[in-house]
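**Q** Okay, handing you the structure first.
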There are 6 protein chains.
Amino acid sequence: MLKAKTTRSGERKHNQSRPVKMETGVNLWAEGSVLIETGSTRVICTASVEDKLPPFLRNSGRGWVTGEYSMLPRSTDVRTPREAARGKQGGRTMEIQRLIGRSLRSVVKMEDLGERTIVIDCDVIQADGGTRTASVTGGFVALCLALHRLREEGKLDEIPLKDYLAAVSVGIVGGKAMLDLDFREDSNADTDMNVVMTGSGKYVEVQGTAEENPFGKKELEELLSLAAKGIKELVREQKKVLPETFSIKA
Amino acid sequence: MLKAKTTRSGERKHNQSRPVKMETGVNLWAEGSVLIETGSTRVICTASVEDKLPPFLRNSGRGWVTGEYSMLPRSTDVRTPREAARGKQGGRTMEIQRLIGRSLRSVVKMEDLGERTIVIDCDVIQADGGTRTASVTGGFVALCLALHRLREEGKLDEIPLKDYLAAVSVGIVGGKAMLDLDFREDSNADTDMNVVMTGSGKYVEVQGTAEENPFGKKELEELLSLAAKGIKELVREQKKVLPETFSIKA
Amino acid sequence: MLKAKTTRSGERKHNQSRPVKMETGVNLWAEGSVLIETGSTRVICTASVEDKLPPFLRNSGRGWVTGEYSMLPRSTDVRTPREAARGKQGGRTMEIQRLIGRSLRSVVKMEDLGERTIVIDCDVIQADGGTRTASVTGGFVALCLALHRLREEGKLDEIPLKDYLAAVSVGIVGGKAMLDLDFREDSNADTDMNVVMTGSGKYVEVQGTAEENPFGKKELEELLSLAAKGIKELVREQKKVLPETFSIKA
Amino acid sequence: MLKAKTTRSGERKHNQSRPVKMETGVNLWAEGSVLIETGSTRVICTASVEDKLPPFLRNSGRGWVTGEYSMLPRSTDVRTPREAARGKQGGRTMEIQRLIGRSLRSVVKMEDLGERTIVIDCDVIQADGGTRTASVTGGFVALCLALHRLREEGKLDEIPLKDYLAAVSVGIVGGKAMLDLDFREDSNADTDMNVVMTGSGKYVEVQGTAEENPFGKKELEELLSLAAKGIKELVREQKKVLPETFSIKA
Amino acid sequence: MLKAKTTRSGERKHNQSRPVKMETGVNLWAEGSVLIETGSTRVICTASVEDKLPPFLRNSGRGWVTGEYSMLPRSTDVRTPREAARGKQGGRTMEIQRLIGRSLRSVVKMEDLGERTIVIDCDVIQADGGTRTASVTGGFVALCLALHRLREEGKLDEIPLKDYLAAVSVGIVGGKAMLDLDFREDSNADTDMNVVMTGSGKYVEVQGTAEENPFGKKELEELLSLAAKGIKELVREQKKVLPETFSIKA
Amino acid sequence: MLKAKTTRSGERKHNQSRPVKMETGVNLWAEGSVLIETGSTRVICTASVEDKLPPFLRNSGRGWVTGEYSMLPRSTDVRTPREAARGKQGGRTMEIQRLIGRSLRSVVKMEDLGERTIVIDCDVIQADGGTRTASVTGGFVALCLALHRLREEGKLDEIPLKDYLAAVSVGIVGGKAMLDLDFREDSNADTDMNVVMTGSGKYVEVQGTAEENPFGKKELEELLSLAAKGIKELVREQKKVLPETFSIKA
């Protein structure tokens with residue numbers, strides 16, 4: 001196992017995110033798509049619009065948004081066997097895709113989406129920590145692109161979103177609160193927290209876990225403050241890659 | 001669906017937990033067992049000591065603690081089909097049992113446990129909100145009882161625990177922060193948070209989710225403060241049902 | 001393994017059942033529920049009324065009754081892995097739940113039940129032999145309670161039952177026919193038989209198995225005679241816990 | 001559905017079995033094999049000798065015998081989907097293969113079999129009632145042939161069997177006890193019973209089920225008496241097709 | 001493992017098929033059935049007519065033909081575990097049943113079949129090489145018989161087939177191209193090829209695989225030429241066992 | 001559905017492949033990796049070296065090469081549900097990954113590879129026809145890179161390959177033989193053929209399927225000749241992206 005280092009790789013400061021890059025339109029077929037890279041982590045997020053609804057919403061006049069998540073077998077340091085070959089999705093995958101779907105739904109006006117489902121697929125091409133938060137951040141962009149396209153095609157009057165949305169991981173490594181952990185830092189973290197926030201700075205998900213050492217109130221506040229900074233920057237990046245004519249009315 | 005009510009059932013105040021009851025020794029076979037009731041929620045928690053380890057820990061000299069969770073089909077208002085009949089455990093089950101195992105492990109000194117696994121089974125007999133937090137609180141008691149027994153039998157020198165541990169749910173219902181939500185309150189909550197803390201008041205897990213409305217910093221603080229109060233009370237109850245000769249050296 | 005003893009535990013005679021206890025109304029949600037205890041064996045039986053039918057009965061004007069069975073992992077001496085985690089129900093579980101459903105159906109007037117399904121869930125909380133027969137005996141009580149409630153609510157005119165129903169295990173242990181085997185006796189039995197009978201003393205199921213030594217006609221008769229005695233007593237106990245206004249017209 | 005007829009097909013009397021035919025050596029590879037036909041029911045039974053044991057018997061010095069059962073999709077009137085395609089074996093299949101294995105084991109001297117497993121595969125080529133009893137009867141012959149071969153090869157000193165074994169179904173159709181039900185009779189039976197007996201007339205399995213009408217003691221005795229007659233005849237047929245040099249020392 | 005021999009068993013020449021035998025009407029229930037034997041390979045093929053269609057063809061006015069394939073556990077030299085017990089069909093099975101269905105569909109006029117599905121089940125009773133090609137050859141006969149019966153019953157005006165169809169395996173063993181490999185030859189083949197052709201000599205499937213040594217154009221041509229010869233003979237045999245009044249109008 | 005067009009998209013001639021692009025080193029973790037693009041089809045191929053062997057090869061002194069294949073859900077025009085979520089890999093996936101593994105193994109000197117397994121993962125990021133052949137062509141490059149690295153690290157003395165390897169699809173569309181079908185062409189093909197060949201022009205796999213119209217010898221020859229041309233070009237491209245110091249000694 002890698003040793004804990006409090007000095008970050010690449011001369012990065014404790015409150016500094018890794019460089020983020022979002023390339024849209026990476027998929028020929030999907031209604032919305034983006035390749036998000038944060039450091040060495042790379043996730044392809046696609047949004048698929050389907051004219052059907054899960055059973056519990058049929059004839060409700062409302063829409064639905066759901067997320068799916070998977071890692072390519074060799075996206076990780078050591079090859080991970082395929083879940084399809086093992087015959088079931090693991091607990092971690094389920095937990096993550098539930099988080100993605102729930103987070104995205106929190107900013108969607110379902111009653112304005114129409115009777116359709118938007119499926120956000122987040123496929124990790126290369127993993128180096130923070131794949132679930134990159135999936136939320138990239139997945140939101142894919143969702144925006146699909147909604148934009150529906151509006152361009154006249155299928156929606158307005159973009160049915162309440163706010164922007166992004167996510168970041170924070171953690172305590174070697175006793176120090178840090179923003180946007182990479183794999184090596186994450187493996188050595190005492191505490192690991194994933195935070196999903198809206199563009200206006202409200203919390204959507206706060207998931208903090210003490211792997212080794214329970215943490216106090218002060219550390220919690222430091223972590224949340226770092227997360228807020230990181231998410232603000234991510235939302236700024238999201239806006240840069242969205243179409244000029246795209247906007248959200250709160 | 002049930003309507004939101006800001007008045008709680010049974011004249012309970014917003015910062016008041018439901019009555020909690022823990023009956024130990026409810027299982028003839030298990031090394032530790034407890035039936036925990038919080039209001040109408042009832043969970044049987046058993047601790048099973050097994051002289052084997054998961055593959056990644058073999059010959060490590062360390063022990064392991066893991067949790068499993070399930071609901072009886074009619075523990076819920078409407079009958080839920082069995083996961084065994086459907087052929088797989090759902091995402092919610094997986095998420096919860098990962099939470100239980102992770103939480104319990106955070107207070108165990110694995111290197112002092114010896115090469116054995118303790119499996120904590122949490123089976124919900126009747127559900128009325130807060131089943132996962134009751135599972136952590138009751139599961140910790142079952143774990144203590146099993147460790148106590150191992151020490152009585154001379155298989156352990158000390159209780160290999162760092163601290164007490166309990167969990168509670170809090171949430172914002174009708175705009176108001178509330179402690180220990182029951183099913184009706186939970187169904188109407190804007191925000192739902194599960195908190196796991198140690199006896200000395202440190203966080204082990206903080207899992208907050210905005211189902212409908214993202215929440216701000218002030219609300220987060222109110223929720224965490226209610227949770228701390230509730231957990232303090234739960235740890236007091238845990239101590240009452242543990243053997244007199246049981247104690248944890250931090 | 002435990003050694004065979006022809007002297008029974010607790011000074012019980014060969015033709016004497018273990019004490020049986022049935023507590024009704026143990027579940028907040030179910031239309032009928034009972035906790036049945038026979039010695040140390042404990043099973044929670046719930047009856048759930050659902051306004052739907054299996055495909056082969058749709059629009060038939062008839063109802064349906066089905067049974068499900070499961071053991072909590074630590075209901076047994078050595079912890080048994082969850083079937084949900086293994087991804088399928090084992091042969092023993094399937095065999096038992098088929099027996100429960102078939103037995104209960106034999107005394108139900110399906111054409112008078114209306115187009116609804118009653119699911120009897122039998123969850124073994126603690127096992128010490130005779131869990132399948134306790135499930136039938138307790139499951140029948142849960143069924144009666146649900147039917148009683150449907151009649152109270154005006155959804156049924158009559159209780160659509162033909163007779164009472166209970167079950168018991170008998171076996172040959174150490175050469176001697178015995179009533180109501182506990183786990184230790186069952187493990188040492190040469191022959192093991194489960195018998196389901198009606199209140200009027202007719203057979204519904206007779207399932208005898210020679211584990212080690214095939215048995216003769218005389219032994220079969222002794223076993224059936226013991227079973228008849230035990231079942232008569234069980235039906236008497238069932239009647240005690242059913243509502244006063246409950247009755248079955250043959 | 002077919003109507004009940006108390007007159008049997010083919011002028012068969014109520015206490016008369018269908019013609020039985022056993023052809024041995026039908027499989028090029030198996031250590032023992034037989035095609036058993038009872039009326040239109042046809043089952044291929046093969047015995048495979050494997051030099052391995054299930055985990056719970058390793059290094060026990062004992063052997064093991066197990067049974068498997070399956071129906072070809074179109075062995076039935078209406079095509080039944082393959083269990084392999086559905087991804088699991090159904091409850092009926094599990095119940096039947098447990099019966100086959102248990103029955104065969106009851107006459108095997110496991111301590112004399114050596115550390116090997118004999119797998120008896122019973123594959124129903126065409127079904128017309130009584131497939132499980134034909135599987136036991138034919139499976140026993142396949143087992144004998146495999147044991148005979150092991151002895152011929154010098155791998156066994158004696159045939160490690162305690163007795164002969166066969167099975168037959170009986171039932172009450174139109175109020176009348178009948179031997180060896182075909183599919184049409186079985187579909188109309190009030191009571192259906194499968195009986196497995198040894199060559200010396202002892203019971204190994206008695207499995208009676210009242211599908212519609214619970215049955216009394218007198219009917220039970222009639223059924224058992226018919227079964228004894230049928231099994232006696234089957235054992236006579238088994239002996240005819242076994243090698244001349246084959247014999248069982250009780 | 002068996003050693004390669006360039007001399008074939010039973011004095012068979014390199015361009016000579018094993019004796020083929022087809023017995024029709026071997027199943028009481030199926031609309032068409034045949035037992036095909038090529039050497040020691042034996043496959044039961046049944047055709048089941050179902051008045052339903054896969055979802056993508058509903059209300060299309062067209063029919064469908066599909067194939068399924070399975071091997072009995074002891075059809076092989078060493079017993080193969082059941083796919084139903086393992087909970088899934090293996091890749092080889094899937095590959096073969098896709099081949100069977102695709103091949104048969106290539107000669108069916110789906111628009112003349114009516115809105116029905118014909119399922120061709122190919123169950124290998126004994127395997128000695130060439131089971132997939134025997135399945136195609138026998139499956140085609142079963143299909144013809146079912147179509148013939150539908151026409152006899154007035155449900156079809158014409159036999160909706162475009163041509164005859166059969167399949168054979170060829171391969172290069174010990175440097176020599178050979179027709180209709182048995183198991184021993186197949187195990188030692190450098191190249192193995194399965195060819196499906198129509199009665200008029202057109203290719204439907206050509207599946208050649210170099211297990212050890214890639215092959216050249218000349219060898220490919222030799223193999224295809226041998227296959228053509230073998231298939232011609234097989235079609236001649238098929239015609240012999242089909243009803244006199246059966247014919248295909250191209 | 002798309003209509004058949006005999007004019008190809010992008011002014012491509014019938015014997016002209018789509019532009020192919022291979023970018024190596026696209027994965028941080030894998031021992032060998034390449035992103036292959038043929039037209040709009042994009043597949044990430046990674047080679048993972050593992051120091052373990054499948055059971056049947058343990059202690060054989062030989063190595064093993066295997067392939068896995070999967071499509072991202074939205075790699076296709078209409079979103080395809082994940083196989084991991086459905087709980088099993090489909091027949092098409094199994095067929096393709098068997099083809100990939102078999103093809104690659106045909107050019108590997110297993111006895112010189114050492115006791116290790118190389119897993120080639122082929123994950124389709126975007127599909128527009130020819131994904132399985134792109135997987136073979138790209139998978140071979142990933143394999144070469146991993147072997148090259150093993151030699152650089154001194155773990156191999158020589159590159160244990162017999163020859164280069166690539167694959168292409170050909171087909172008959174609108175009566176005309178065409179090279180390298182895209183999705184639209186493939187959907188309209190009468191015949192579809194996948195060919196795998198070595199650098200020296202020998203066949204490894206020939207898989208031709210007549211979807212609608214069986215094909216004659218002349219068409220087969222045309223298709224094989226087009227395939228040979230396409231594969232020659234692909235091998236030329238492979239050599240361009242492999243390291244200068246990489247070479248194969250036949």
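If you're wondering about the labels, chains in the structure tokens are A, B, ... by order shown, residues count from 1 in each chain, ligands from 1 in order shown.
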Enumerate, in order of chain and increasing residue number, the residues of chain E with an atom no farther than 12 Å from chain C, each with its shortest atom pair and distance in Å to one decimal, counting only C-alpha atoms, as CSV.
**A**
residue,atom,partner,partner_atom,distance
E:Ala85,CA,C:Lys88,CA,10.8
E:Arg86,CA,C:Lys88,CA,11.0
E:Gly87,CA,C:Lys88,CA,9.2
**Q** What would the file look like if the residues just selected were written as a compact mmCIF listing (two decimals), in the first residue's frame with all heavy atoms?
**A**
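The new file selection-v8.txt reads:
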# COMPACT_ATOMS: atom_id res chain seq x y z
N ALA E 85 -28.21 -25.62 -12.68
CA ALA E 85 -27.71 -25.61 -11.31
C ALA E 85 -26.70 -24.48 -11.12
O ALA E 85 -26.64 -23.86 -10.07
CB ALA E 85 -27.07 -26.96 -10.97
N ARG E 86 -25.92 -24.20 -12.16
CA ARG E 86 -24.94 -23.13 -12.08
C ARG E 86 -25.61 -21.76 -12.22
O ARG E 86 -25.00 -20.73 -11.96
CB ARG E 86 -23.89 -23.28 -13.19
CG ARG E 86 -22.92 -24.43 -12.93
CD ARG E 86 -22.03 -24.65 -14.15
NE ARG E 86 -21.64 -23.36 -14.69
CZ ARG E 86 -21.49 -23.10 -15.99
NH1 ARG E 86 -21.71 -24.04 -16.87
NH2 ARG E 86 -21.14 -21.92 -16.41
N GLY E 87 -26.86 -21.76 -12.68
CA GLY E 87 -27.62 -20.51 -12.72
C GLY E 87 -27.46 -19.71 -13.99
O GLY E 87 -28.00 -18.62 -14.11
**Q** Within 7 Å of region 175-192 of chain B, counting only C-alpha atoms, which residues show up once you throw out same-chain ones fewer than 4 positions away? Write them as a short mmCIF file (atom, residue, chain, number, x, y, z; two decimals) with N, CA, C and O atoms, in the first residue's frame, please.
**A**
data_model
loop_
_atom_site.label_atom_id
_atom_site.label_comp_id
_atom_site.auth_asym_id
_atom_site.auth_seq_id
_atom_site.Cartn_x
_atom_site.Cartn_y
_atom_site.Cartn_z
N LEU B 2 -49.40 9.69 3.21
CA LEU B 2 -49.71 10.42 4.43
C LEU B 2 -49.35 11.89 4.26
O LEU B 2 -48.36 12.22 3.63
N ALA B 4 -48.08 15.65 5.47
CA ALA B 4 -47.07 16.15 6.40
C ALA B 4 -47.77 16.77 7.60
O ALA B 4 -48.78 17.46 7.46
N HIS B 14 -40.02 18.27 19.14
CA HIS B 14 -39.14 18.15 17.97
C HIS B 14 -37.76 17.63 18.34
O HIS B 14 -37.07 17.05 17.52
N ASN B 15 -37.33 17.85 19.56
CA ASN B 15 -35.99 17.39 19.96
C ASN B 15 -36.05 16.19 20.90
O ASN B 15 -35.12 15.94 21.67
N GLN B 16 -37.16 15.47 20.77
CA GLN B 16 -37.36 14.33 21.66
C GLN B 16 -37.34 13.03 20.85
O GLN B 16 -38.02 12.93 19.83
N SER B 17 -36.56 12.09 21.32
CA SER B 17 -36.52 10.78 20.64
C SER B 17 -37.74 9.95 21.04
O SER B 17 -38.38 10.22 22.06
N ARG B 18 -38.01 8.95 20.25
CA ARG B 18 -39.04 7.99 20.65
C ARG B 18 -38.50 7.14 21.79
O ARG B 18 -37.27 7.00 21.92
N ASP B 128 -40.79 1.30 11.32
CA ASP B 128 -41.53 2.55 11.39
C ASP B 128 -40.55 3.73 11.40
O ASP B 128 -40.62 4.62 12.23
N GLY B 129 -39.59 3.69 10.44
CA GLY B 129 -38.60 4.76 10.35
C GLY B 129 -37.39 4.48 11.23
O GLY B 129 -37.51 3.91 12.31
N GLY B 130 -36.22 4.85 10.74
CA GLY B 130 -35.01 4.73 11.56
C GLY B 130 -34.50 3.32 11.72
O GLY B 130 -33.83 3.00 12.70
N VAL B 168 -28.56 7.84 15.02
CA VAL B 168 -29.93 8.33 15.05
C VAL B 168 -30.21 9.04 13.73
O VAL B 168 -29.29 9.46 13.04
N SER B 169 -31.51 9.13 13.39
CA SER B 169 -31.85 9.91 12.20
C SER B 169 -32.44 11.25 12.64
O SER B 169 -33.09 11.36 13.68
N VAL B 170 -32.17 12.26 11.85
CA VAL B 170 -32.76 13.59 12.05
C VAL B 170 -33.25 14.07 10.69
O VAL B 170 -32.89 13.51 9.66
N GLY B 171 -34.07 15.11 10.70
CA GLY B 171 -34.56 15.57 9.41
C GLY B 171 -35.29 16.88 9.52
O GLY B 171 -35.58 17.36 10.62
N GLY B 208 -26.35 13.11 4.95
CA GLY B 208 -27.52 13.97 4.79
C GLY B 208 -27.95 14.03 3.34
O GLY B 208 -27.13 14.14 2.45
N THR B 209 -29.24 13.95 3.11
CA THR B 209 -29.79 13.93 1.77
C THR B 209 -30.97 14.90 1.67
O THR B 209 -31.92 14.80 2.46
N ALA B 210 -30.89 15.80 0.70
CA ALA B 210 -32.03 16.68 0.46
C ALA B 210 -32.96 16.01 -0.53
O ALA B 210 -32.62 15.89 -1.70
N GLU B 211 -34.08 15.48 -0.06
CA GLU B 211 -34.97 14.78 -0.99
C GLU B 211 -35.66 15.77 -1.92
O GLU B 211 -35.79 15.55 -3.11
N GLU B 212 -36.09 16.87 -1.35
CA GLU B 212 -36.82 17.85 -2.15
C GLU B 212 -36.11 19.19 -2.22
O GLU B 212 -35.85 19.71 -3.29
N ASN B 213 -35.78 19.74 -1.06
CA ASN B 213 -35.19 21.06 -1.02
C ASN B 213 -33.78 21.04 -0.46
O ASN B 213 -33.60 20.68 0.69
N GLU B 222 -28.26 22.72 12.92
CA GLU B 222 -29.39 22.33 13.79
C GLU B 222 -29.55 20.81 13.82
O GLU B 222 -29.76 20.20 14.87
N LEU B 223 -29.45 20.21 12.63
CA LEU B 223 -29.63 18.75 12.55
C LEU B 223 -28.53 18.03 13.31
O LEU B 223 -28.80 17.08 14.07
N LEU B 226 -29.14 18.27 17.05
CA LEU B 226 -30.19 17.35 17.51
C LEU B 226 -29.66 15.91 17.57
O LEU B 226 -29.93 15.17 18.51
N ALA B 227 -28.91 15.55 16.52
CA ALA B 227 -28.37 14.18 16.46
C ALA B 227 -27.47 13.91 17.66
O ALA B 227 -27.55 12.85 18.29
#
**Q** Quote the spacing between CA of Ala30 (chain F) and CA of Arg151 (chain F) in Å to one decimal place.
**A**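 Between CA of Ala30 (chain F) and CA of Arg151 (chain F) the gap is 15.5 Å.
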**Q** Please list as an mmCIF file with N, CA, C and O atoms, in the first residue's frame every residue within 8 Å of region 239-243 of chain F, counting only C-alpha atoms and excluding residues in the same chain fewer than 4 positions away.
**A**
data_model
loop_
_atom_site.group_PDB
_atom_site.id
_atom_site.type_symbol
_atom_site.label_atom_id
_atom_site.label_comp_id
_atom_site.auth_asym_id
_atom_site.auth_seq_id
_atom_site.Cartn_x
_atom_site.Cartn_y
_atom_site.Cartn_z
ATOM 1 N N MET F 22 -5.336 4.431 -34.422
ATOM 2 C CA MET F 22 -5.036 3.725 -33.169
ATOM 3 C C MET F 22 -4.155 4.609 -32.304
ATOM 4 O O MET F 22 -3.058 4.974 -32.715
ATOM 5 N N GLU F 23 -4.644 4.913 -31.103
ATOM 6 C CA GLU F 23 -3.863 5.726 -30.171
ATOM 7 C C GLU F 23 -3.465 4.833 -28.992
ATOM 8 O O GLU F 23 -4.328 4.304 -28.293
ATOM 9 N N THR F 24 -2.163 4.681 -28.826
ATOM 10 C CA THR F 24 -1.707 3.777 -27.755
ATOM 11 C C THR F 24 -1.486 4.550 -26.450
ATOM 12 O O THR F 24 -1.474 5.777 -26.433
ATOM 13 N N VAL F 141 -3.036 -5.232 -30.636
ATOM 14 C CA VAL F 141 -2.054 -4.175 -30.359
ATOM 15 C C VAL F 141 -1.822 -4.060 -28.848
ATOM 16 O O VAL F 141 -0.680 -3.966 -28.385
ATOM 17 N N CYS F 144 0.368 -6.861 -27.814
ATOM 18 C CA CYS F 144 1.761 -6.628 -28.212
ATOM 19 C C CYS F 144 2.443 -5.671 -27.242
ATOM 20 O O CYS F 144 3.596 -5.888 -26.828
ATOM 21 N N LEU F 145 1.735 -4.608 -26.862
ATOM 22 C CA LEU F 145 2.320 -3.612 -25.963
ATOM 23 C C LEU F 145 2.632 -4.219 -24.599
ATOM 24 O O LEU F 145 3.668 -3.932 -24.003
ATOM 25 N N VAL F 235 -2.932 -4.502 -40.629
ATOM 26 C CA VAL F 235 -1.656 -4.924 -40.058
ATOM 27 C C VAL F 235 -0.600 -3.845 -40.292
ATOM 28 O O VAL F 235 0.222 -3.556 -39.410
#
**Q** Which residue out of F:Ser48, F:Gly39, F:Met71, F:Lys109 has the minimum interatomic distance to Gly139 (chain F) when only C-alpha atoms are used?
**A**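 Among the listed residues, F:Ser48 lies closest to Gly139 (chain F).
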**Q** To one decimal in Å, tell me the separation between CA of Glu31 (chain F) and CA of Leu72 (chain A).
**A**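 CA of Leu72 (chain A) lies 14.9 Å from CA of Glu31 (chain F).
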**Q** What gap, in Å, lies between CA of Cys122 (chain E) and CA of Gly138 (chain E)?
**A**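 Atom-to-atom, CA of Cys122 (chain E) to CA of Gly138 (chain E), that is 8.2 Å.
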**Q** Can you pull out every residue from region 150-221 of chain E that DSSP, working from the backbone, puts in alpha helix (DSSP H), and format the result as an MDAnalysis selection string?
**A** chainID E and resid 150:152 183:187 217:221
